[in-house]
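Okay, final_34.txt now, which holds compact mmCIF, C-alpha atoms:
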# COMPACT_ATOMS: atom_id res chain seq x y z
CA MET A 2 40.33 -7.08 -21.26
CA ARG A 3 41.62 -8.27 -17.87
CA ALA A 4 43.03 -11.35 -19.58
CA LEU A 5 45.33 -9.06 -21.59
CA ASN A 6 46.82 -7.38 -18.52
CA ASP A 7 49.92 -9.57 -18.13
CA ALA A 8 50.67 -9.56 -21.86
CA ALA A 9 50.32 -5.76 -21.98
CA LYS A 10 52.72 -5.37 -19.04
CA ALA A 11 55.21 -7.70 -20.69
CA ALA A 12 54.97 -5.70 -23.92
CA GLY A 13 55.43 -2.44 -22.01
CA VAL A 14 52.14 -0.93 -23.15
CA ILE A 15 49.17 0.60 -21.38
CA ILE A 16 45.51 -0.27 -22.00
CA VAL A 17 43.13 2.38 -20.68
CA ASN A 18 39.71 0.82 -20.22
CA GLU A 19 36.31 1.91 -18.84
CA CYS A 20 36.92 5.47 -19.96
CA GLY A 21 33.58 6.64 -21.35
CA VAL A 22 30.75 7.91 -19.20
CA ASP A 23 29.41 4.84 -17.36
CA PRO A 24 31.85 3.29 -16.86
CA GLY A 25 34.29 6.16 -17.15
CA THR A 26 33.61 9.58 -15.73
CA ASP A 27 31.55 7.87 -13.02
CA HIS A 28 34.80 6.23 -11.81
CA MET A 29 36.74 9.48 -12.14
CA SER A 30 34.33 11.77 -10.31
CA ALA A 31 33.68 9.20 -7.57
CA GLN A 32 37.34 8.39 -6.96
CA LYS A 33 38.30 12.06 -6.94
CA LEU A 34 35.96 12.84 -4.06
CA MET A 35 36.76 9.56 -2.30
CA ASP A 36 40.47 10.41 -2.34
CA LYS A 37 39.68 13.86 -0.92
CA ILE A 38 37.53 12.38 1.85
CA HIS A 39 40.25 9.90 2.78
CA SER A 40 42.94 12.60 2.76
CA GLU A 41 40.89 14.54 5.30
CA GLY A 42 40.64 11.59 7.68
CA GLY A 43 37.19 10.46 6.60
CA ARG A 44 35.94 6.99 5.89
CA ILE A 45 33.20 6.17 3.40
CA VAL A 46 30.58 3.89 4.93
CA GLY A 47 27.98 4.23 2.16
CA PHE A 48 28.22 4.91 -1.56
CA ALA A 49 25.46 5.12 -4.17
CA SER A 50 25.90 5.98 -7.84
CA PHE A 51 23.14 6.32 -10.43
CA CYS A 52 23.29 7.38 -14.08
CA GLY A 53 20.87 7.72 -16.96
CA GLY A 54 20.85 8.92 -20.54
CA LEU A 55 17.40 10.43 -21.11
CA PRO A 56 15.56 12.88 -23.34
CA ALA A 57 15.91 16.49 -22.21
CA PRO A 58 12.75 17.57 -20.35
CA GLU A 59 11.43 19.65 -23.26
CA ASP A 60 11.80 16.65 -25.60
CA ASN A 61 10.40 14.03 -23.23
CA ASN A 62 7.31 13.52 -25.35
CA ASN A 63 6.54 9.80 -25.45
CA PRO A 64 4.81 7.63 -22.81
CA LEU A 65 7.95 5.65 -21.94
CA GLY A 66 10.03 8.76 -21.30
CA TYR A 67 12.95 7.32 -23.23
CA LYS A 68 14.66 7.65 -26.60
CA PHE A 69 17.54 5.61 -27.92
CA SER A 70 20.98 7.14 -27.90
CA TRP A 71 22.57 3.68 -28.05
CA ALA A 72 21.58 0.19 -29.22
CA PRO A 73 17.99 -0.62 -28.22
CA ARG A 74 18.80 -4.32 -27.86
CA GLY A 75 21.48 -3.45 -25.31
CA VAL A 76 19.03 -1.31 -23.33
CA LEU A 77 16.42 -4.07 -23.20
CA ARG A 78 18.86 -6.92 -22.54
CA ALA A 79 20.26 -4.97 -19.60
CA SER A 80 16.71 -5.00 -18.24
CA THR A 81 16.92 -8.78 -17.72
CA ASN A 82 20.06 -8.77 -15.55
CA SER A 83 20.03 -9.57 -11.86
CA ALA A 84 21.42 -7.00 -9.43
CA LEU A 85 23.79 -7.48 -6.49
CA PHE A 86 24.57 -4.77 -3.95
CA LEU A 87 25.61 -4.31 -0.35
CA LYS A 88 23.23 -2.90 2.28
CA ASP A 89 24.26 -2.48 5.92
CA GLY A 90 27.04 -5.02 5.49
CA LYS A 91 24.87 -7.70 3.86
CA GLU A 92 24.78 -8.69 0.20
CA VAL A 93 21.38 -8.29 -1.47
CA THR A 94 20.48 -10.04 -4.73
CA ILE A 95 17.56 -8.90 -6.88
CA PRO A 96 16.69 -11.50 -9.56
CA GLY A 97 16.20 -10.10 -13.04
CA GLU A 98 12.54 -11.09 -13.18
CA VAL A 99 11.70 -8.77 -10.26
CA LEU A 100 14.31 -6.08 -10.94
CA PHE A 101 11.70 -3.50 -11.92
CA GLU A 102 9.71 -4.07 -8.75
CA ASN A 103 12.72 -2.79 -6.82
CA TYR A 104 13.07 0.84 -7.75
CA ASN A 105 12.81 4.01 -5.71
CA LEU A 106 12.31 7.67 -6.53
CA GLN A 107 15.20 10.13 -6.35
CA ARG A 108 15.42 13.87 -6.88
CA VAL A 109 18.52 15.29 -8.59
CA GLU A 110 19.28 18.96 -8.10
CA GLY A 111 18.55 20.86 -11.30
CA LEU A 112 15.47 18.79 -12.17
CA ASP A 113 11.95 19.61 -10.99
CA TYR A 114 10.73 16.02 -10.67
CA ASP A 115 11.74 12.63 -9.29
CA LEU A 116 13.44 9.96 -11.36
CA GLU A 117 13.08 6.21 -11.00
CA ALA A 118 16.30 4.60 -9.77
CA TYR A 119 16.91 0.86 -9.92
CA PRO A 120 20.03 -1.26 -9.21
CA ASN A 121 22.31 -2.37 -12.01
CA ARG A 122 24.25 -5.64 -12.10
CA ASN A 123 27.07 -6.33 -9.60
CA SER A 124 27.79 -3.33 -7.40
CA VAL A 125 29.78 -5.30 -4.80
CA GLN A 126 32.78 -5.67 -7.15
CA TYR A 127 33.31 -1.90 -6.91
CA LEU A 128 34.45 -2.20 -3.30
CA ASP A 129 37.76 -3.41 -4.76
CA VAL A 130 37.71 -0.95 -7.66
CA TYR A 131 37.43 2.03 -5.29
CA GLY A 132 39.51 0.56 -2.45
CA LEU A 133 36.55 0.51 -0.05
CA LYS A 134 36.67 -3.10 1.12
CA GLY A 135 36.43 -3.36 4.90
CA GLU A 136 35.30 0.27 5.10
CA CYS A 137 32.06 0.64 3.16
CA ARG A 138 28.95 -1.07 4.55
CA SER A 139 26.56 -0.13 1.74
CA ILE A 140 27.26 0.22 -1.97
CA ILE A 141 24.90 0.34 -4.91
CA ARG A 142 25.15 1.43 -8.53
CA GLY A 143 22.12 1.84 -10.72
CA THR A 144 20.19 3.45 -13.54
CA TYR A 145 17.91 6.49 -13.81
CA ARG A 146 14.72 6.56 -15.86
CA TYR A 147 11.72 8.85 -16.06
CA ARG A 148 8.70 7.79 -14.02
CA GLY A 149 6.63 5.01 -15.56
CA TRP A 150 9.50 3.13 -17.21
CA CYS A 151 9.94 0.42 -14.58
CA ASP A 152 6.28 -0.58 -14.27
CA CYS A 153 5.85 -0.73 -18.04
CA ILE A 154 9.03 -2.71 -18.76
CA LYS A 155 8.10 -5.10 -15.92
CA LYS A 156 4.77 -5.86 -17.60
CA LEU A 157 6.40 -6.23 -21.02
CA ALA A 158 8.80 -8.74 -19.45
CA ASP A 159 5.95 -10.57 -17.72
CA LEU A 160 4.10 -10.76 -21.03
CA GLY A 161 7.18 -12.30 -22.67
CA TYR A 162 8.48 -9.48 -24.83
CA LEU A 163 12.03 -9.68 -23.42
CA ASP A 164 12.37 -13.36 -24.36
CA MET A 165 15.43 -14.06 -26.54
CA ASN A 166 14.59 -17.58 -27.71
CA GLU A 167 14.54 -17.85 -31.50
CA LEU A 168 11.13 -18.23 -33.13
CA ASP A 169 9.69 -18.29 -36.63
CA LEU A 170 7.81 -14.99 -36.71
CA SER A 171 7.19 -14.89 -40.46
CA ASN A 172 3.56 -14.02 -41.22
CA TYR A 173 3.12 -12.68 -37.70
CA THR A 174 1.59 -9.32 -36.87
CA TYR A 175 2.22 -7.63 -33.54
CA ALA A 176 -1.34 -8.43 -32.48
CA LYS A 177 -0.82 -12.10 -33.32
CA LEU A 178 2.50 -12.20 -31.44
CA THR A 179 0.95 -10.54 -28.39
CA ALA A 180 -2.01 -12.96 -28.50
CA SER A 181 0.37 -15.92 -28.67
CA MET A 182 1.95 -14.83 -25.38
CA LEU A 183 -1.50 -15.07 -23.79
CA ASN A 184 -2.04 -18.49 -25.41
CA SER A 185 -4.96 -16.89 -27.22
CA GLN A 186 -6.04 -17.95 -30.69
CA SER A 187 -7.77 -14.64 -31.37
CA THR A 188 -6.50 -11.11 -31.85
CA LEU A 189 -10.00 -9.72 -31.40
CA HIS A 190 -10.02 -7.09 -28.65
CA ILE A 191 -6.39 -7.93 -27.91
CA LYS A 192 -5.98 -4.72 -25.90
CA ASN A 193 -8.76 -5.82 -23.56
CA GLN A 194 -7.31 -9.32 -23.39
CA VAL A 195 -3.97 -7.99 -22.19
CA ALA A 196 -5.65 -5.64 -19.73
CA ALA A 197 -7.66 -8.54 -18.29
CA HIS A 198 -4.52 -10.69 -18.10
CA PHE A 199 -2.84 -8.10 -15.89
CA LYS A 200 -6.07 -7.20 -14.06
CA LEU A 201 -5.75 -3.62 -15.26
CA ASP A 202 -8.24 -1.21 -16.76
CA ALA A 203 -7.85 -0.78 -20.52
CA THR A 204 -7.18 2.92 -19.91
CA ASN A 205 -4.24 2.17 -17.57
CA ARG A 206 -1.02 3.88 -18.66
CA ILE A 207 0.77 0.53 -19.08
CA ILE A 208 -1.88 -0.73 -21.49
CA THR A 209 -2.08 2.52 -23.46
CA THR A 210 1.74 2.54 -23.72
CA MET A 211 1.69 -0.97 -25.20
CA GLU A 212 -0.94 0.28 -27.62
CA TRP A 213 1.24 3.29 -28.52
CA LEU A 214 4.10 0.89 -29.24
CA GLY A 215 1.88 -0.91 -31.77
CA LEU A 216 1.82 -4.19 -29.88
CA PHE A 217 -1.94 -4.58 -30.50
CA SER A 218 -1.75 -3.56 -34.15
CA ASN A 219 -1.92 -5.56 -37.36
CA ASP A 220 1.48 -4.21 -38.41
CA PRO A 221 3.67 -7.09 -39.60
CA ILE A 222 6.71 -8.15 -37.61
CA PRO A 223 9.71 -6.90 -39.65
CA PRO A 224 11.47 -9.49 -41.84
CA LYS A 225 14.39 -11.41 -40.30
CA THR A 226 13.10 -10.74 -36.80
CA ASN A 227 13.35 -14.02 -34.93
CA THR A 228 12.90 -13.24 -31.22
CA ARG A 229 10.21 -11.47 -29.23
CA LEU A 230 12.88 -9.13 -27.87
CA ASP A 231 13.89 -8.08 -31.39
CA ALA A 232 10.25 -7.55 -32.33
CA LEU A 233 9.93 -5.18 -29.37
CA CYS A 234 13.21 -3.47 -30.32
CA ALA A 235 11.88 -2.83 -33.82
CA ALA A 236 8.64 -1.36 -32.48
CA MET A 237 10.51 0.89 -30.06
CA LEU A 238 13.12 2.01 -32.56
CA ALA A 239 10.40 3.09 -34.98
CA ARG A 240 8.88 5.36 -32.33
CA MET A 241 11.62 6.29 -29.89
CA GLN A 242 14.39 7.99 -31.85
CA TYR A 243 15.52 11.58 -31.43
CA ALA A 244 14.08 13.92 -34.04
CA GLU A 245 16.20 16.62 -35.64
CA GLY A 246 16.80 19.40 -33.14
CA GLU A 247 15.85 17.38 -30.07
CA ARG A 248 18.28 17.18 -27.16
CA ASP A 249 19.23 14.37 -24.81
CA MET A 250 20.31 14.66 -21.18
CA LEU A 251 22.93 12.81 -19.15
CA VAL A 252 22.22 12.75 -15.44
CA MET A 253 24.57 11.20 -12.89
CA GLN A 254 24.70 11.46 -9.13
CA HIS A 255 26.96 9.93 -6.50
CA THR A 256 26.08 10.02 -2.81
CA PHE A 257 28.76 9.47 -0.17
CA GLU A 258 27.95 8.72 3.48
CA CYS A 259 31.08 9.58 5.45
CA GLU A 260 32.36 9.40 9.01
CA TYR A 261 35.12 11.58 10.43
CA PRO A 262 36.09 10.01 13.78
CA ARG A 263 38.78 12.59 14.63
CA GLU A 264 36.31 15.44 14.13
CA GLY A 265 33.31 13.65 15.58
CA LYS A 266 31.30 14.33 12.43
CA LYS A 267 29.11 12.51 9.95
CA ARG A 268 28.73 14.06 6.51
CA ILE A 269 26.83 13.31 3.33
CA TYR A 270 28.32 14.56 0.06
CA THR A 271 26.97 14.42 -3.46
CA SER A 272 28.72 14.73 -6.81
CA ARG A 273 26.36 15.55 -9.66
CA LEU A 274 26.56 15.83 -13.45
CA LEU A 275 23.69 17.23 -15.47
CA ASP A 276 24.66 17.63 -19.11
CA PHE A 277 22.55 18.35 -22.19
CA GLY A 278 23.03 17.69 -25.87
CA ILE A 279 23.66 20.56 -28.25
CA LYS A 280 20.60 21.48 -30.30
CA HIS A 281 21.24 20.48 -33.93
CA GLY A 282 24.69 19.30 -32.77
CA ASP A 283 26.30 16.53 -30.76
CA SER A 284 24.27 14.58 -28.24
CA SER A 285 25.28 14.54 -24.60
CA MET A 286 25.70 10.78 -24.81
CA SER A 287 28.14 11.04 -27.72
CA ARG A 288 30.14 13.79 -25.99
CA THR A 289 30.33 12.17 -22.57
CA VAL A 290 31.23 8.78 -24.02
CA SER A 291 33.81 9.87 -26.59
CA LEU A 292 35.58 12.92 -25.10
CA PRO A 293 37.00 11.21 -21.97
CA VAL A 294 38.60 8.43 -23.99
CA ALA A 295 39.89 10.97 -26.53
CA ILE A 296 41.58 12.93 -23.73
CA ALA A 297 43.00 9.70 -22.29
CA THR A 298 44.38 8.80 -25.73
CA LYS A 299 46.05 12.20 -25.93
CA LEU A 300 47.65 11.64 -22.51
CA VAL A 301 49.07 8.33 -23.72
CA LEU A 302 50.40 9.85 -26.96
CA GLU A 303 51.99 12.74 -25.08
CA GLY A 304 53.83 10.29 -22.84
CA LYS A 305 52.16 11.53 -19.67
CA LEU A 306 51.21 7.98 -18.67
CA SER A 307 54.52 6.36 -19.64
CA HIS A 308 55.07 5.14 -16.07
CA LEU A 309 51.94 2.96 -16.27
CA ARG A 310 51.80 -0.54 -17.79
CA GLY A 311 49.04 -3.03 -18.40
CA LEU A 312 45.30 -2.57 -17.93
CA VAL A 313 44.26 0.55 -16.02
CA ILE A 314 40.96 2.29 -15.37
CA PRO A 315 40.71 6.02 -14.62
CA THR A 316 40.69 5.78 -10.82
CA LEU A 317 44.25 7.14 -10.69
CA PRO A 318 44.84 10.88 -10.13
CA GLU A 319 47.11 11.09 -13.18
CA LEU A 320 44.11 10.03 -15.26
CA TYR A 321 41.05 11.47 -13.55
CA ASN A 322 42.47 14.93 -12.80
CA PRO A 323 43.46 15.97 -16.36
CA ILE A 324 40.42 14.32 -17.94
CA LEU A 325 37.89 15.94 -15.60
CA GLU A 326 39.68 19.29 -15.86
CA GLU A 327 39.63 19.32 -19.65
CA LEU A 328 36.00 18.18 -19.78
CA GLU A 329 35.08 21.12 -17.57
CA THR A 330 37.27 23.88 -19.01
CA LYS A 331 36.96 23.04 -22.72
CA PHE A 332 33.58 21.35 -23.00
CA ASN A 333 31.59 22.59 -19.99
CA ILE A 334 30.99 19.03 -18.79
CA LYS A 335 31.23 19.60 -15.06
CA PHE A 336 30.62 17.65 -11.86
CA HIS A 337 29.24 19.67 -8.95
CA GLU A 338 30.30 18.52 -5.48
CA LYS A 339 28.17 19.51 -2.49
CA LEU A 340 28.02 18.92 1.25
CA GLU A 341 24.39 17.93 1.76
CA LYS A 342 24.33 17.24 5.50
CA GLU A 343 26.59 17.37 8.53
CA GLN A 344 25.95 16.24 12.09
CA ASP A 345 27.90 15.65 15.29
CA CYS A 346 28.57 12.05 16.28
CA ASN A 347 30.22 10.42 19.30
CA PHE A 348 32.03 7.50 17.68
CA SER A 349 33.08 6.07 21.06
CA ASN A 350 29.46 4.98 21.51
CA ILE A 351 29.27 3.23 18.13
What do you get writing this file as structure tokens?
Amino acid sequence: MRALNDAAKAAGVIIVNECGVDPGTDHMSAQKLMDKIHSEGGRIVGFASFCGGLPAPEDNNNPLGYKFSWAPRGVLRASTNSALFLKDGKEVTIPGEVLFENYNLQRVEGLDYDLEAYPNRNSVQYLDVYGLKGECRSIIRGTYRYRGWCDCIKKLADLGYLDMNELDLSNYTYAKLTASMLNSQSTLHIKNQVAAHFKLDATNRIITTMEWLGLFSNDPIPPKTNTRLDALCAAMLARMQYAEGERDMLVMQHTFECEYPREGKKRIYTSRLLDFGIKHGDSSMSRTVSLPVAIATKLVLEGKLSHLRGLVIPTLPELYNPILEELETKFNIKFHEKLEKEQDCNFSNI
């Protein structure tokens, strides 16, 4: 899309990009509070942003704590990406193969339990996006999952189930495919073989989750499946879809570490979205992805963005203000901003 910027400017047209939920309303809600902090003389020295599309608590009823509201292949491929973020002024890289060893637990107001939070791709590039270069010493963006996801996906990756190399899997069962990853010629007691491979008890949650997914079964690999990743996708999709009447949940939280030198204060703010799908209606994921771009399209058609040309993302007030306002007033999709902590600080000693 960036490659089209100059041509769009020359043609006198606007291209509004990254206008769903993540990216999209994450940019809008973050930039809105950032602009407010800056207008009050503050500087943002730390920024963290995490988002996850998950089953609503009452419908979180499978061992992975996840159901697909978008393409399963995309979810699993994203699990192989390395992560880059900034911590205390230094860049930190987490290789994809150890990504799921590097999660922490976070509590989001409105939920009664912790979520796993792990970094997602390149967070450092957002210093430029948000105008924080030279100001922000720590920045990280990441993903939320229910507890248990990271350890299980890590073991599936270690076993080889995220491999995307093409294979001939005709006449393979899941048990045979799993055995092949252990270089085993036998599918006998395959559950115990995998448990021994990972030095885990056969009753360990990771092993029983693999069993629930059918990875030890004699079920055939679906026709035209030619990678281990796609075999896993098929097994997950058969078991991890939303049933009629079930709801999803979109949870997003930004955390801002701020300094106010003129006031001699340090403050921590959060901006939080907790949205739920409509029972027997639209999912939260479909609403939060589609409505922002629909509102942006209306703004373009009404000529309210006629002064803009080329590629833009919704970090401008003329985009984020009307979109966030309409999401809140018409659709009850609302970000809640909160001052979490405030303390005195003598900046002359820093």
Exercise for the section: Identify, on the basis of all atoms listed in the file, every residue whose closest approach to Leu183 of chain A does not exceed 9 Å; exclude the query and any residue fewer than 6 positions from it along the same chain; express the result as an NGL selection string. Expected result: :A and (160 or 194-195 or 198)
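With distances restricted to all atoms listed in the file, A:Gln126 is the closest residue to Leu87 of chain A from A:Ser30, A:Gln126, A:Asn63, A:Thr330.
In this model, the gap between atom CA of Ile15 of chain A and atom CA of Ile296 of chain A comes to 14.7 Å.
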Exercise for the section: Find the residues around segment 283-289 of chain A up to 7 Å (only C-alpha atoms counted), leave out those fewer than 4 positions away in its own chain, and share them as a PyMOL selection string. Expected result: chain A and resi 21-22+54+70+248-251+276-279+293
Selection export as an mmCIF file, in the coordinates of the input, atoms kept: C-alpha atoms:
data_model
loop_
_atom_site.group_PDB
_atom_site.id
_atom_site.type_symbol
_atom_site.label_atom_id
_atom_site.label_comp_id
_atom_site.auth_asym_id
_atom_site.auth_seq_id
_atom_site.Cartn_x
_atom_site.Cartn_y
_atom_site.Cartn_z
ATOM 1 C CA GLY A 21 33.580 6.640 -21.350
ATOM 2 C CA VAL A 22 30.750 7.910 -19.200
ATOM 3 C CA GLY A 54 20.850 8.920 -20.540
ATOM 4 C CA SER A 70 20.980 7.140 -27.900
ATOM 5 C CA ARG A 248 18.280 17.180 -27.160
ATOM 6 C CA ASP A 249 19.230 14.370 -24.810
ATOM 7 C CA MET A 250 20.310 14.660 -21.180
ATOM 8 C CA LEU A 251 22.930 12.810 -19.150
ATOM 9 C CA ASP A 276 24.660 17.630 -19.110
ATOM 10 C CA PHE A 277 22.550 18.350 -22.190
ATOM 11 C CA GLY A 278 23.030 17.690 -25.870
ATOM 12 C CA ILE A 279 23.660 20.560 -28.250
ATOM 13 C CA PRO A 293 37.000 11.210 -21.970
#
Fill in the blank from the handout: Shortest contact to Met253 of chain A, candidates A:Met241, A:Ala176, A:Val76, A:Ala31, atoms counted only C-alpha atoms, goes to A:Ala31
Problem - Polymer residues at most 9 Å from Leu178 of chain A, only C-alpha atoms, same-chain spacing of 5 or more positions, as a PyMOL selection string - result: chain A and resi 170+173+216-217+222+229
Please save C-alpha atoms of the selected residues as a PDB file, keeping the file's coordinate frame.
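The resulting out.pdb:
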ATOM      1  CA  LEU A 170       7.810 -14.990 -36.710  1.00  0.00           C
ATOM      2  CA  TYR A 173       3.120 -12.680 -37.700  1.00  0.00           C
ATOM      3  CA  LEU A 216       1.820  -4.190 -29.880  1.00  0.00           C
ATOM      4  CA  PHE A 217      -1.940  -4.580 -30.500  1.00  0.00           C
ATOM      5  CA  ILE A 222       6.710  -8.150 -37.610  1.00  0.00           C
ATOM      6  CA  ARG A 229      10.210 -11.470 -29.230  1.00  0.00           C
TER       7      ARG A 229
END
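Taking atom CA of Pro24 of chain A and atom CA of Met165 of chain A as the two end points, the separation is 25.8 Å.
Closest to Leu292 of chain A among A:Val313, A:Leu325, A:Ala12, A:Leu274 is A:Leu325, based on all atoms listed in the file.
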Problem - Spatial neighbours of Ala244 of chain A, 10 Å, only C-alpha atoms, chain gap at least 5 places, as a list in words - result: Asp60, Lys68 and His281 of chain A
Please produce an output containing C-alpha atoms for each residue in the selection, written as a PDB file, keeping the file's coordinate frame.
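Writing done, so here's result00.pdb:
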ATOM      1  CA  ASP A  60      11.800  16.650 -25.600  1.00  0.00           C
ATOM      2  CA  LYS A  68      14.660   7.650 -26.600  1.00  0.00           C
ATOM      3  CA  HIS A 281      21.240  20.480 -33.930  1.00  0.00           C
TER       4      HIS A 281
END
Using all atoms listed in the file, find each residue of segment 229-344 of chain A with at least one atom at most 12 Å away from an atom of segment 44-47 of chain A; report its shortest atom-to-atom pair and that distance in Å (one decimal), sort the rows by chain and rising residue number, and return the result as a tab-separated table.
residue	atom	partner	partner_atom	distance
A:His255	CA	A:Gly47	CA	10.4
A:Thr256	CA	A:Gly47	CA	7.9
A:Phe257	CA	A:Gly47	CA	5.8
A:Glu258	CA	A:Gly47	CA	4.7
A:Cys259	CA	A:Ile45	CA	4.5
A:Glu260	CA	A:Arg44	CA	5.3
A:Tyr261	CA	A:Arg44	CA	6.5
A:Pro262	CA	A:Arg44	CA	8.4
A:Arg263	CA	A:Arg44	CA	10.8
A:Glu264	CA	A:Arg44	CA	11.8
A:Lys266	CA	A:Arg44	CA	10.9
A:Lys267	CA	A:Arg44	CA	9.7
A:Arg268	CA	A:Ile45	CA	9.6
A:Ile269	CA	A:Gly47	CA	9.2
A:Tyr270	CA	A:Ile45	CA	10.3
A:Thr271	CA	A:Gly47	CA	11.7
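Counting only C-alpha atoms and comparing A:Leu230, A:Leu201, A:Ile95, A:Leu112, the residue that lies closest to Leu163 of chain A is A:Leu230.
Taking only C-alpha atoms into account, Asn123 of chain A lies nearest to A:Glu92 out of the set A:Glu329, A:Glu343, A:Glu92, A:Asp220.
Considering all atoms listed in the file, the residue among A:Ala49, A:Ala239, A:Ile191, A:Ile334 positioned nearest to Ala203 of chain A is A:Ile191.
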Practice task
Could you give me, as a ChimeraX atom specification, the residues within 8 Å of Pro221 of chain A, counting all atoms listed in the file and dropping anything in the same chain fewer than 5 positions from it?
Solution key: /A:172-175
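The interatomic distance for the pair atom CA of Asn205 of chain A and atom CA of Asp159 of chain A works out to 16.3 Å.
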Practice task
Quick one: residues within 12 Å of (48.7, -4.5, -22.8) (file frame), counting all atoms listed in the file, please, as a list in words.
Solution key: Met2, Arg3, Ala4, Leu5, Asn6, Asp7, Ala8, Ala9, Lys10, Ala11, Ala12, Gly13, Val14, Ile15, Ile16, Val17, Asn18, Leu309, Arg310, Gly311, Leu312 and Val313 of chain A
Padded axis-aligned box of segment 18-29 of chain A (5 Å per side), centre and edge lengths, Å, one decimal, as lines of an AutoDock Vina configuration file:
center_x = 34.6
center_y = 5.2
center_z = -16.6
size_x = 20.3
size_y = 18.8
size_z = 19.5
Exercise for the section: May I have the residues at most 12 Å from (43.1, 4.6, -7.0) in the file's coordinates, counting all atoms listed in the file, as a ChimeraX atom specification? Expected result: /A:28-37,39,127-133,313-322
For segment 75-89 of chain A, where the input has fewer atoms than it should, I would like N, CA and C atoms rebuilt and written as a compact mmCIF listing (two decimals), in the frame of the given file.
# COMPACT_ATOMS: atom_id res chain seq x y z
N GLY A 75 20.67 -3.52 -26.52
CA GLY A 75 21.48 -3.45 -25.31
C GLY A 75 20.69 -2.91 -24.13
N VAL A 76 19.86 -1.89 -24.40
CA VAL A 76 19.03 -1.31 -23.33
C VAL A 76 18.10 -2.36 -22.77
N LEU A 77 17.42 -3.11 -23.65
CA LEU A 77 16.42 -4.07 -23.20
C LEU A 77 17.07 -5.32 -22.59
N ARG A 78 18.18 -5.76 -23.14
CA ARG A 78 18.86 -6.92 -22.54
C ARG A 78 19.36 -6.60 -21.14
N ALA A 79 19.82 -5.37 -20.94
CA ALA A 79 20.26 -4.97 -19.60
C ALA A 79 19.11 -5.04 -18.60
N SER A 80 17.88 -4.96 -19.11
CA SER A 80 16.71 -5.00 -18.24
C SER A 80 16.44 -6.40 -17.69
N THR A 81 17.15 -7.40 -18.19
CA THR A 81 16.92 -8.78 -17.72
C THR A 81 17.98 -9.23 -16.71
N ASN A 82 18.97 -8.37 -16.43
CA ASN A 82 20.06 -8.77 -15.55
C ASN A 82 19.66 -8.71 -14.08
N SER A 83 20.19 -9.64 -13.30
CA SER A 83 20.03 -9.57 -11.86
C SER A 83 20.92 -8.47 -11.30
N ALA A 84 20.64 -8.04 -10.08
CA ALA A 84 21.42 -7.00 -9.43
C ALA A 84 21.94 -7.52 -8.09
N LEU A 85 23.16 -7.12 -7.75
CA LEU A 85 23.79 -7.48 -6.49
C LEU A 85 24.38 -6.22 -5.87
N PHE A 86 24.01 -5.93 -4.63
CA PHE A 86 24.57 -4.77 -3.95
C PHE A 86 24.71 -5.07 -2.47
N LEU A 87 25.35 -4.15 -1.78
CA LEU A 87 25.61 -4.31 -0.35
C LEU A 87 24.78 -3.30 0.42
N LYS A 88 24.05 -3.78 1.44
CA LYS A 88 23.23 -2.90 2.28
C LYS A 88 23.46 -3.25 3.75
N ASP A 89 23.99 -2.29 4.50
CA ASP A 89 24.26 -2.48 5.92
C ASP A 89 25.11 -3.72 6.18
